[in-house]
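S.K.: Can you keep this structure in mind? I'll have questions shortly.
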Amino acid sequence: MSLRAGAVMADGPDAGVAAHYGDPFREQRLLSEDVGVVDRSHRGVVAVPGVDRLSWLHSLTSQHVSALPAWSGTEALILSPHGHVEHHLQVADDGETTWLDVEPGTADDLTTYLQKMVFMMRVEPADVSAEWAVLSVVGPNASAAVGRLGVDLPAEPYGVAALPDGGLVRRTSFPGADLLVPRAALDATVDRLNAPLAGVWAYEALRVADRRPRLGFETDHRTIVQEPEWVPTAVHLEKGCYRGQETVARVHNLGRPPRRMVLLHLDGVSDELPAQGTPITLGDRPVGFVGTAVRHFEFGNIALGLIKRSTADDADLRIGETRAAID
C-alpha cells in the first residue's frame with residue numbers, strides 16, 4: 001500500500017507496513033469499539049490449486065481439511081517430526097484454490113517444503129506474495145465496511161466470500177475480517193472500505209489482550225501446540241498421520257505440556273517495553289520468555305509470555321527490573 005498521510009512505519013518482523021498513524025491508543029479504541037483498516041500486506045501468501053489440494057494438505061497439517069467446504073476456512077500448523085511448530089497457516093478455500101496466508105518472511109520456506117512434498121499429487125503450491133496482499137478490517141462494525149465492497153461478510157468465523165473485483169474475504173475468529181486482494185488493487189480497496197486506518201501496533205495490542213499467539217513471538221524452536229493454546233483452533237485432535245502427530249497425541253493424553261502461555265501485567269516502572277525473547281525470571285531462575293509486549297489503551301503495559309508450567313499463578317515474576325503478574 002502506498003504511504004498514507006501520518007504513517008509511521010514499523011520495523012523488525014513487521015517492517016514494510018504502518019506501525020501507527022500518529023495516535024496508537026485512538027487506533028486501538030477504533031479497532032475495539034468501531035472499525036479500522038490495518039495494512040498487513042507484509043504477510044506471505046501461498047496458493048495451492050489442484051484437485052488433490054485438500055486431501056494433500058490434510059496429510060501435511062495439524063488440521064482436518066480433507067472435507068473443508070468450498071468458501072470456508074480454518075487455521076492449521078505444520079510441525080517438525082518432533083512436534084515443534086514450524087508454520088502457522090490462515091486458510092481459505094474458494095472451491096478451486098486453497099489460499100494460505102502466513103507470517104512475514106515465512107512464505108518462501110513454506111513453499112519450498114510444500115513443493116518437496118508434492119510427489120504424484122495434483123497440486124501446484126506457489127508463493128504468490130508479490131501478486132496478493134492481506135488487509136484486515138477489525139472491529140464490531142467490520143460488516144458495514146466490508147459491505148461497501150459489494151459483499152456480505154459471512155456470519156460464521158472462518159466463513160469465506162468472493163469479492164466482486166477479485167480476491168476474497170474471510171471472517172476472523174474475533175470481530176473483523178481478513179481480505180485477500182490483488183496487490184495492484186490494495187489502495188483502491190482501502191479507499192472503498194471508507195474506514196479509518198490503524199497500524200499494526202494497535203492490531204498487536206488487541207491480539208495480546210485476546211491471548212492470541214503469534215508464530216515467532218510466542219513461540220521458539222521447542223514450542224509444541226499445547227503451549228500457546230493452538231488446540232483446538234489450529235489442531236484437530238482426532239486426526240492422525242501427519243508429521244509431529246505423535247507428540248501432539250502424547251502430550252494431550254498426559255495433559256502436561258512443559259510450558260504455558262500467560263498474559264502478564266507489567267508494573268510500568270520502565271519506559272521501554274521488554275523485547276521479544278527477554279527472559280522472565282522467578283528469583284534468580286529463568287522460567288520463560290516474553291513474547292509480545294504492548295501498551296494497551298485500557299490495561300496499560302501487558303505482555304504474552306511462555307513460562308514453565310509449574311510456575312504458580314501468584315509468582316513474583318521479573319523481566320529485568322520490571323515486575324510482572326500473571327493475569
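Please note that chains go A, B, ... in the order of the C-alpha cells, that every chain numbers its residues from 1, and that ligands are numbered from 1 in the order shown.
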Run DSSP on the backbone of this structure and report the residues of region 174-282 of chain A it assigns to helix (DSSP H, G or I), as a PyMOL selection string.
M.R.: chain A and resi 183-193+200-209+245-254
S.K.: From a backbone DSSP assignment, name each residue in region 45-123 of chain A labelled strand (DSSP E), as an mmCIF file with all heavy atoms, in the first residue's frame.
M.R.:
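Written out: out.cif:
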data_model
loop_
_atom_site.group_PDB
_atom_site.id
_atom_site.type_symbol
_atom_site.label_atom_id
_atom_site.label_comp_id
_atom_site.auth_asym_id
_atom_site.auth_seq_id
_atom_site.Cartn_x
_atom_site.Cartn_y
_atom_site.Cartn_z
ATOM 1 N N VAL A 45 1.730 -14.971 1.164
ATOM 2 C CA VAL A 45 0.553 -15.646 0.615
ATOM 3 C C VAL A 45 1.018 -16.793 -0.273
ATOM 4 O O VAL A 45 1.815 -16.597 -1.202
ATOM 5 C CB VAL A 45 -0.337 -14.686 -0.196
ATOM 6 C CG1 VAL A 45 -1.572 -15.427 -0.726
ATOM 7 C CG2 VAL A 45 -0.760 -13.485 0.647
ATOM 8 N N VAL A 46 0.511 -17.986 0.007
ATOM 9 C CA VAL A 46 0.824 -19.174 -0.778
ATOM 10 C C VAL A 46 -0.485 -19.715 -1.350
ATOM 11 O O VAL A 46 -1.458 -19.909 -0.617
ATOM 12 C CB VAL A 46 1.517 -20.248 0.084
ATOM 13 C CG1 VAL A 46 1.751 -21.523 -0.727
ATOM 14 C CG2 VAL A 46 2.841 -19.709 0.634
ATOM 15 N N ALA A 47 -0.516 -19.942 -2.657
ATOM 16 C CA ALA A 47 -1.696 -20.501 -3.323
ATOM 17 C C ALA A 47 -1.456 -21.975 -3.607
ATOM 18 O O ALA A 47 -0.380 -22.363 -4.070
ATOM 19 C CB ALA A 47 -1.971 -19.756 -4.622
ATOM 20 N N VAL A 48 -2.490 -22.788 -3.330
ATOM 21 C CA VAL A 48 -2.406 -24.223 -3.596
ATOM 22 C C VAL A 48 -3.616 -24.623 -4.453
ATOM 23 O O VAL A 48 -4.666 -25.005 -3.927
ATOM 24 C CB VAL A 48 -2.374 -25.051 -2.297
ATOM 25 C CG1 VAL A 48 -2.151 -26.537 -2.626
ATOM 26 C CG2 VAL A 48 -1.294 -24.549 -1.357
ATOM 27 N N PRO A 49 -3.512 -24.515 -5.777
ATOM 28 C CA PRO A 49 -4.573 -25.021 -6.651
ATOM 29 C C PRO A 49 -4.376 -26.510 -6.910
ATOM 30 O O PRO A 49 -3.303 -27.069 -6.664
ATOM 31 C CB PRO A 49 -4.382 -24.203 -7.927
ATOM 32 C CG PRO A 49 -2.907 -23.947 -7.963
ATOM 33 C CD PRO A 49 -2.444 -23.825 -6.529
ATOM 34 N N SER A 72 -14.951 -21.660 2.719
ATOM 35 C CA SER A 72 -14.766 -21.695 4.164
ATOM 36 C C SER A 72 -13.272 -21.719 4.453
ATOM 37 O O SER A 72 -12.444 -21.883 3.545
ATOM 38 C CB SER A 72 -15.458 -22.905 4.794
ATOM 39 O OG SER A 72 -14.861 -24.115 4.372
ATOM 40 N N GLY A 73 -12.919 -21.545 5.717
ATOM 41 C CA GLY A 73 -11.514 -21.512 6.083
ATOM 42 C C GLY A 73 -11.283 -22.110 7.448
ATOM 43 O O GLY A 73 -12.198 -22.649 8.082
ATOM 44 N N THR A 74 -10.066 -22.013 7.916
ATOM 45 C CA THR A 74 -9.692 -22.528 9.228
ATOM 46 C C THR A 74 -8.288 -22.037 9.532
ATOM 47 O O THR A 74 -7.745 -21.171 8.829
ATOM 48 C CB THR A 74 -9.764 -24.074 9.245
ATOM 49 O OG1 THR A 74 -9.533 -24.544 10.571
ATOM 50 C CG2 THR A 74 -8.752 -24.695 8.311
ATOM 51 N N GLU A 75 -7.669 -22.565 10.568
ATOM 52 C CA GLU A 75 -6.256 -22.355 10.862
ATOM 53 C C GLU A 75 -5.592 -23.722 10.910
ATOM 54 O O GLU A 75 -6.227 -24.726 11.219
ATOM 55 C CB GLU A 75 -6.057 -21.643 12.203
ATOM 56 C CG GLU A 75 -6.632 -20.247 12.262
ATOM 57 C CD GLU A 75 -6.415 -19.589 13.619
ATOM 58 O OE1 GLU A 75 -5.319 -19.758 14.202
ATOM 59 O OE2 GLU A 75 -7.342 -18.923 14.101
ATOM 60 N N ALA A 76 -4.298 -23.772 10.619
ATOM 61 C CA ALA A 76 -3.567 -25.036 10.639
ATOM 62 C C ALA A 76 -2.110 -24.768 10.952
ATOM 63 O O ALA A 76 -1.619 -23.638 10.826
ATOM 64 C CB ALA A 76 -3.707 -25.763 9.300
ATOM 65 N N LEU A 77 -1.420 -25.823 11.362
ATOM 66 C CA LEU A 77 0.005 -25.753 11.663
ATOM 67 C C LEU A 77 0.747 -26.809 10.861
ATOM 68 O O LEU A 77 0.194 -27.868 10.549
ATOM 69 C CB LEU A 77 0.258 -26.006 13.152
ATOM 70 C CG LEU A 77 -0.482 -25.117 14.152
ATOM 71 C CD1 LEU A 77 -0.283 -25.651 15.564
ATOM 72 C CD2 LEU A 77 -0.004 -23.674 14.048
ATOM 73 N N ILE A 78 1.981 -26.525 10.561
ATOM 74 C CA ILE A 78 2.903 -27.539 10.076
ATOM 75 C C ILE A 78 3.958 -27.732 11.153
ATOM 76 O O ILE A 78 4.534 -26.752 11.659
ATOM 77 C CB ILE A 78 3.528 -27.147 8.733
ATOM 78 C CG1 ILE A 78 2.466 -27.247 7.627
ATOM 79 C CG2 ILE A 78 4.722 -28.038 8.392
ATOM 80 C CD1 ILE A 78 2.946 -26.865 6.254
ATOM 81 N N LEU A 79 4.184 -28.982 11.521
ATOM 82 C CA LEU A 79 5.060 -29.317 12.633
ATOM 83 C C LEU A 79 6.321 -30.015 12.140
ATOM 84 O O LEU A 79 6.350 -30.593 11.043
ATOM 85 C CB LEU A 79 4.335 -30.235 13.617
ATOM 86 C CG LEU A 79 2.947 -29.779 14.099
ATOM 87 C CD1 LEU A 79 2.375 -30.802 15.075
ATOM 88 C CD2 LEU A 79 3.013 -28.399 14.729
ATOM 89 N N VAL A 85 6.344 -26.520 16.434
ATOM 90 C CA VAL A 85 5.615 -25.709 15.457
ATOM 91 C C VAL A 85 6.589 -25.017 14.505
ATOM 92 O O VAL A 85 7.490 -24.298 14.936
ATOM 93 C CB VAL A 85 4.743 -24.666 16.162
ATOM 94 C CG1 VAL A 85 3.982 -23.823 15.130
ATOM 95 C CG2 VAL A 85 3.758 -25.336 17.120
ATOM 96 N N GLU A 86 6.375 -25.218 13.201
ATOM 97 C CA GLU A 86 7.214 -24.589 12.181
ATOM 98 C C GLU A 86 6.478 -23.509 11.396
ATOM 99 O O GLU A 86 7.076 -22.500 11.026
ATOM 100 C CB GLU A 86 7.748 -25.647 11.215
ATOM 101 C CG GLU A 86 8.741 -26.608 11.860
ATOM 102 C CD GLU A 86 9.398 -27.534 10.847
ATOM 103 O OE1 GLU A 86 8.862 -27.656 9.721
ATOM 104 O OE2 GLU A 86 10.428 -28.129 11.182
ATOM 105 N N HIS A 87 5.182 -23.722 11.105
ATOM 106 C CA HIS A 87 4.405 -22.746 10.340
ATOM 107 C C HIS A 87 2.990 -22.671 10.886
ATOM 108 O O HIS A 87 2.413 -23.689 11.291
ATOM 109 C CB HIS A 87 4.337 -23.123 8.852
ATOM 110 C CG HIS A 87 5.649 -23.022 8.137
ATOM 111 N ND1 HIS A 87 6.170 -21.833 7.695
ATOM 112 C CD2 HIS A 87 6.551 -23.980 7.789
ATOM 113 C CE1 HIS A 87 7.325 -22.048 7.102
ATOM 114 N NE2 HIS A 87 7.586 -23.350 7.147
ATOM 115 N N HIS A 88 2.441 -21.456 10.907
ATOM 116 C CA HIS A 88 1.037 -21.232 11.260
ATOM 117 C C HIS A 88 0.336 -20.687 10.024
ATOM 118 O O HIS A 88 0.762 -19.686 9.445
ATOM 119 C CB HIS A 88 0.934 -20.235 12.414
ATOM 120 C CG HIS A 88 -0.476 -19.909 12.789
ATOM 121 N ND1 HIS A 88 -0.889 -18.626 13.065
ATOM 122 C CD2 HIS A 88 -1.569 -20.698 12.931
ATOM 123 C CE1 HIS A 88 -2.179 -18.643 13.363
ATOM 124 N NE2 HIS A 88 -2.612 -19.886 13.288
ATOM 125 N N LEU A 89 -0.726 -21.358 9.608
ATOM 126 C CA LEU A 89 -1.412 -21.040 8.358
ATOM 127 C C LEU A 89 -2.822 -20.539 8.629
ATOM 128 O O LEU A 89 -3.587 -21.166 9.362
ATOM 129 C CB LEU A 89 -1.517 -22.295 7.469
ATOM 130 C CG LEU A 89 -0.311 -23.240 7.407
ATOM 131 C CD1 LEU A 89 -0.668 -24.470 6.589
ATOM 132 C CD2 LEU A 89 0.903 -22.534 6.845
ATOM 133 N N GLN A 90 -3.170 -19.406 8.026
ATOM 134 C CA GLN A 90 -4.568 -18.983 7.931
ATOM 135 C C GLN A 90 -5.072 -19.474 6.582
ATOM 136 O O GLN A 90 -4.479 -19.168 5.540
ATOM 137 C CB GLN A 90 -4.682 -17.461 8.045
ATOM 138 C CG GLN A 90 -4.217 -16.888 9.374
ATOM 139 C CD GLN A 90 -5.231 -17.081 10.483
ATOM 140 O OE1 GLN A 90 -6.333 -17.593 10.255
ATOM 141 N NE2 GLN A 90 -4.869 -16.692 11.693
ATOM 142 N N VAL A 91 -6.154 -20.233 6.596
ATOM 143 C CA VAL A 91 -6.579 -20.998 5.420
ATOM 144 C C VAL A 91 -7.916 -20.470 4.895
ATOM 145 O O VAL A 91 -8.825 -20.170 5.673
ATOM 146 C CB VAL A 91 -6.731 -22.493 5.788
ATOM 147 C CG1 VAL A 91 -7.150 -23.309 4.567
ATOM 148 C CG2 VAL A 91 -5.438 -23.029 6.395
ATOM 149 N N ALA A 92 -8.030 -20.373 3.569
ATOM 150 C CA ALA A 92 -9.309 -20.065 2.923
ATOM 151 C C ALA A 92 -9.371 -20.843 1.610
ATOM 152 O O ALA A 92 -8.406 -20.852 0.849
ATOM 153 C CB ALA A 92 -9.448 -18.569 2.656
ATOM 154 N N ASP A 93 -10.520 -21.489 1.355
ATOM 155 C CA ASP A 93 -10.672 -22.268 0.123
ATOM 156 C C ASP A 93 -11.829 -21.708 -0.692
ATOM 157 O O ASP A 93 -12.922 -21.459 -0.150
ATOM 158 C CB ASP A 93 -10.929 -23.737 0.448
ATOM 159 C CG ASP A 93 -10.854 -24.603 -0.804
ATOM 160 O OD1 ASP A 93 -9.729 -25.023 -1.150
ATOM 161 O OD2 ASP A 93 -11.901 -24.829 -1.428
ATOM 162 N N THR A 97 -8.925 -23.240 -5.338
ATOM 163 C CA THR A 97 -7.600 -22.974 -4.778
ATOM 164 C C THR A 97 -7.714 -22.824 -3.266
ATOM 165 O O THR A 97 -8.671 -22.218 -2.769
ATOM 166 C CB THR A 97 -6.998 -21.683 -5.366
ATOM 167 O OG1 THR A 97 -6.839 -21.847 -6.781
ATOM 168 C CG2 THR A 97 -5.658 -21.352 -4.741
ATOM 169 N N THR A 98 -6.763 -23.397 -2.551
ATOM 170 C CA THR A 98 -6.650 -23.145 -1.120
ATOM 171 C C THR A 98 -5.575 -22.089 -0.930
ATOM 172 O O THR A 98 -4.440 -22.245 -1.395
ATOM 173 C CB THR A 98 -6.280 -24.420 -0.347
ATOM 174 O OG1 THR A 98 -7.271 -25.426 -0.599
ATOM 175 C CG2 THR A 98 -6.237 -24.143 1.147
ATOM 176 N N TRP A 99 -5.958 -21.004 -0.248
ATOM 177 C CA TRP A 99 -5.062 -19.876 -0.016
ATOM 178 C C TRP A 99 -4.552 -19.942 1.416
ATOM 179 O O TRP A 99 -5.337 -20.122 2.360
ATOM 180 C CB TRP A 99 -5.794 -18.559 -0.254
ATOM 181 C CG TRP A 99 -6.359 -18.408 -1.641
ATOM 182 C CD1 TRP A 99 -7.581 -18.834 -2.089
ATOM 183 C CD2 TRP A 99 -5.710 -17.809 -2.759
ATOM 184 N NE1 TRP A 99 -7.731 -18.536 -3.413
ATOM 185 C CE2 TRP A 99 -6.601 -17.896 -3.857
ATOM 186 C CE3 TRP A 99 -4.471 -17.188 -2.936
ATOM 187 C CZ2 TRP A 99 -6.289 -17.399 -5.106
ATOM 188 C CZ3 TRP A 99 -4.151 -16.685 -4.185
ATOM 189 C CH2 TRP A 99 -5.058 -16.792 -5.258
ATOM 190 N N LEU A 100 -3.253 -19.783 1.570
ATOM 191 C CA LEU A 100 -2.613 -19.810 2.880
ATOM 192 C C LEU A 100 -1.933 -18.465 3.098
ATOM 193 O O LEU A 100 -1.044 -18.091 2.314
ATOM 194 C CB LEU A 100 -1.577 -20.929 2.956
ATOM 195 C CG LEU A 100 -2.006 -22.312 2.433
ATOM 196 C CD1 LEU A 100 -0.810 -23.255 2.418
ATOM 197 C CD2 LEU A 100 -3.137 -22.877 3.279
ATOM 198 N N ASP A 101 -2.349 -17.703 4.119
ATOM 199 C CA ASP A 101 -1.556 -16.517 4.438
ATOM 200 C C ASP A 101 -0.817 -16.765 5.743
ATOM 201 O O ASP A 101 -1.339 -17.367 6.676
ATOM 202 C CB ASP A 101 -2.389 -15.233 4.431
ATOM 203 C CG ASP A 101 -3.456 -15.147 5.494
ATOM 204 O OD1 ASP A 101 -4.596 -15.570 5.232
ATOM 205 O OD2 ASP A 101 -3.139 -14.639 6.584
ATOM 206 N N VAL A 102 0.441 -16.324 5.756
ATOM 207 C CA VAL A 102 1.397 -16.760 6.770
ATOM 208 C C VAL A 102 2.221 -15.575 7.258
ATOM 209 O O VAL A 102 2.162 -14.476 6.702
ATOM 210 C CB VAL A 102 2.317 -17.867 6.219
ATOM 211 C CG1 VAL A 102 1.510 -19.098 5.855
ATOM 212 C CG2 VAL A 102 3.118 -17.376 5.010
#
S.K.: Near Pro232 (chain A), counting only C-alpha atoms, which residues have an atom at most 12 Å away, once you skip same-chain residues fewer than 4 positions from it, shown as a list in words?
M.R.: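 Near Pro232 (chain A), the qualifying residues are Ser62, Gln63, His64, Thr74, Glu75, Ala76, Leu77, Val225, Gln226, Pro228, His236, Leu237, Glu238, Val248 and His252 of chain A.
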S.K.: Let's have the selection written as a PDB file, in the first residue's frame, with C-alpha atoms.
M.R.:
ATOM      1  CA  SER A  62      -2.451 -30.480  12.053  1.00  0.00           C
ATOM      2  CA  GLN A  63      -5.969 -29.577  10.893  1.00  0.00           C
ATOM      3  CA  HIS A  64      -8.762 -31.722   9.436  1.00  0.00           C
ATOM      4  CA  THR A  74      -9.692 -22.528   9.228  1.00  0.00           C
ATOM      5  CA  GLU A  75      -6.256 -22.355  10.862  1.00  0.00           C
ATOM      6  CA  ALA A  76      -3.567 -25.036  10.639  1.00  0.00           C
ATOM      7  CA  LEU A  77       0.005 -25.753  11.663  1.00  0.00           C
ATOM      8  CA  VAL A 225       0.967 -26.922  20.024  1.00  0.00           C
ATOM      9  CA  GLN A 226      -0.466 -27.115  23.545  1.00  0.00           C
ATOM     10  CA  PRO A 228       0.408 -21.372  23.171  1.00  0.00           C
ATOM     11  CA  HIS A 236      -7.721 -31.426  15.222  1.00  0.00           C
ATOM     12  CA  LEU A 237      -7.079 -33.996  17.941  1.00  0.00           C
ATOM     13  CA  GLU A 238      -8.944 -36.857  16.255  1.00  0.00           C
ATOM     14  CA  VAL A 248       0.560 -33.862  19.912  1.00  0.00           C
ATOM     15  CA  HIS A 252      -2.725 -34.381  25.007  1.00  0.00           C
TER      16      HIS A 252
END
S.K.: Quick one: residues within 10 Å of Val208 (chain A), only C-alpha atoms, excluding same-chain residues fewer than 5 positions away - as number ranges by chain?
M.R.: A: 203, 213-214, 262-264, 291-296, 302-305
S.K.: Fewer than 6 positions away in the same chain doesn't count, so skip those; otherwise give me all residues within 12 Å of Gly12 (chain A), counting only C-alpha atoms, as a ChimeraX atom specification.
M.R.: /A:18-19,42,104-105,200,216-217,275-276
S.K.: Tell me which protein, DNA and RNA residues are within 7 Å of Leu197 (chain A), counting only C-alpha atoms, leaving out same-chain ones fewer than 4 positions away, and put them as a PyMOL selection string.
M.R.: chain A and resi 36-38
S.K.: Between A:Tyr158, A:Val123, A:Ala177, A:Asp108, which residue has the minimum interatomic distance to Ala142 (chain A), considering only C-alpha atoms?
M.R.: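 Looking at the shortest contact to Ala142 (chain A), the residue is A:Ala177.
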S.K.: One decimal, Å: what's the distance from CA of Thr223 (chain A) over to CA of Leu60 (chain A), could you say?
M.R.: 18.1 Å
S.K.: Given only C-alpha atoms as the basis, pick out the residue of A:Glu218, A:Glu96, A:Asp284, A:Glu27 nearest to Met261 (chain A).
M.R.: A:Glu218
S.K.: Could you tell me which of A:Arg207, A:Arg4, A:His58, A:Arg323 comes closest to Asp39 (chain A) if we count only C-alpha atoms?
M.R.: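 Looking at the shortest contact to Asp39 (chain A), the residue is A:Arg4.
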